[in-house]
Structures are given as structure tokens and as C-alpha cells.
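Novice: Pasting in a structure now, in C-alpha cells, and then I'll have a few things to ask.
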Amino acid sequence: MRARAGLSMTAVPSAARATQYLYERVAVRTGLGDGVLVPKQEISLHDITPQVEALVQRLGIRDGTVNIVSQHTTTALTINEYETRLLDDVAAFMEKLAPASGSYKHNDLHLRPASDADRARIDRNWMSLGKGTLAEFIAQEPINAHAHLCAMVLGATVTIPVAEGRLCIGQWQSIILVDLDGPRERTVGCLLYTSPSPR
């Protein structure tokens, strides 16, 4: 599936700022419209280059780097050409690499949690946060092992140099967020390092 027109992003400033490092979170809506997003395990690709460029400009980064990290286990980041037919090829390649209809142990929800360590992670990230019971966690879990596998293949981070206030990427390159389990509300973290000004 090609990219959707409903992409929207907002920067959320971090609470604390160091002298040479700035951290911002960028929210990405990978679905269409204003309704509730129901994950359908769809693959979609989103060009976040303009939002990262705007962040560099707004924060006044002249020379340095920006490190971008996906904050989800079923999304990935990559740098490549953002061309409609290539985006279709990427989605088709990911679907062949790890088909959603494949047989995966992660999708056997009735057998989870499979260890005390798994249960402890669910408790830390779900039950102790007041989100619900173990049964409620399992009930809301998507069948998405294929999305996790593709995210591992693509990777979760990209680092880009910044020189004279501009991202140092090629003419045809874009920073692409790949949602492998959408549509959803997604977040990427951006750590910007600015070189000290010459004295």
C-alpha cells in the first residue's frame, strides 16, 4: 500500500535540555481521517523529511547530527527514494519477506506469556500502569509477528549529519517511516546534537 495523505506530525519538546543536545518527539498519524485508528496490519510508508528539516530549522541547528529512533517495535526507519511505485515495491517485498498469513509462535496468543520474564514485562508495561489485567492485555494484542520481523530487518534508527543548517542527504533521498502494523498513532524520537560555536 502506498503512503497515505493523512500524515500529520507535531513536535513535543522534552522536559530537560542539555547545552549541546536537544531531544524532541515527533508524532506521526499513519491513518486517514479523524476517526479511531484500528490496526489492520497494513504496511504504509511516510516521508518525514520535511518535519525533521523543520525541526532542525526551528531549533537553530547549524552543524551537528540528528539521530532519529522509532519508538515502536512494528515500525522502522530508512533512507531511500520516496517514489510511489517504489513504495508499492517496498510494501510488496516486506509482505513476501514475512507474510502476514505465515505461521509464527508470537501469534499464538493463548500460549502467552511463555515465561516468568515475559509476564514481568507485561506487568511492567501494562498491568502496573493501570491499563488492565493480563487477560485484557492478551485480548488487545494484534496478530503481528510479521511486522516485528520486518521492523528488525529494516532497523529502528537513522543518523544524519547536519551542515550549514541542512540535512546531509542526497538529492533523491528521504527519511521514511515504515509502519508495518498500521494504521496507528506513531512516535519517533529525534536527538539533535549541535557542534559548539567557534570562538
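The way I read the labels, and the way they are meant: chains A, B, ... in the order of the C-alpha cells, residue 1 as the first residue of every chain, and ligand 1 as the first ligand shown, with later ones counted on from there.
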What's around Ile175 of chain A at 7 Å? Count only C-alpha atoms, leave out sequence neighbours fewer than 6 positions away in its own chain, and write the answer as a list in words.
Specialist: Asp47, Ile48, Thr49, Thr78, Ile79 and Asn80 of chain A
Novice: So which residues touch Val90 of chain A within 12 Å, counting only C-alpha atoms, skipping near sequence neighbours fewer than 6 positions away, as a list in words?
Specialist: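 Here the answer would be Met1, Arg2, Ala3, Ile43, Ser44, Leu45, Thr78, Asn80, Glu81, Tyr82, Glu83, Thr84, Lys96, Leu97, Cys150, Leu154, Ile176, Val178, Asp179 and Leu180 of chain A.
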Novice: Please produce an output containing C-alpha atoms for each residue in the selection, written as a short mmCIF file (atom, residue, chain, number, x, y, z; two decimals), in the first residue's frame.
Specialist:
```cif
data_model
loop_
_atom_site.label_atom_id
_atom_site.label_comp_id
_atom_site.auth_asym_id
_atom_site.auth_seq_id
_atom_site.Cartn_x
_atom_site.Cartn_y
_atom_site.Cartn_z
CA MET A 1 0.00 0.00 0.00
CA ARG A 2 1.38 3.39 -0.87
CA ALA A 3 1.68 6.29 1.53
CA ILE A 43 2.14 -1.56 5.55
CA SER A 44 2.47 2.12 4.72
CA LEU A 45 5.43 4.43 4.15
CA THR A 78 15.09 4.01 6.44
CA ASN A 80 15.65 5.92 0.32
CA GLU A 81 13.81 7.38 -2.66
CA TYR A 82 10.21 8.32 -1.90
CA GLU A 83 8.61 7.40 -5.23
CA THR A 84 5.10 5.98 -5.46
CA LYS A 96 6.82 -11.57 0.72
CA LEU A 97 9.66 -11.49 3.24
CA CYS A 150 10.19 -6.77 9.07
CA LEU A 154 14.80 -2.61 8.26
CA ILE A 176 10.97 7.25 5.56
CA VAL A 178 7.65 2.44 7.61
CA ASP A 179 4.53 1.42 9.54
CA LEU A 180 4.30 -2.36 9.34
#
```
Novice: May I ask for the distance between atom CA of Arg119 of chain A and atom CA of Thr74 of chain A, given in Å to one decimal place?
Specialist: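 Calculated distance between atom CA of Arg119 of chain A and atom CA of Thr74 of chain A is 20.2 Å.
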Novice: Find the spatial neighbours of Glu136 of chain A, counting only C-alpha atoms, within a cut-off of 12 Å - ignore same-chain residues fewer than 2 positions away - and output them as a PyMOL selection string.
Specialist: chain A and resi 109+122-123+126-127+130-134+138-141
Novice: I need the residue nearest Ala91 of chain A from this list: A:Thr30, A:Leu177, A:Glu42, A:Leu191. Use only C-alpha atoms for the distance.
Specialist: A:Glu42
Novice: From a backbone DSSP assignment, name each residue in segment 55-167 of chain A labelled strand (DSSP E or B), as a count of residues only.
Specialist: 22
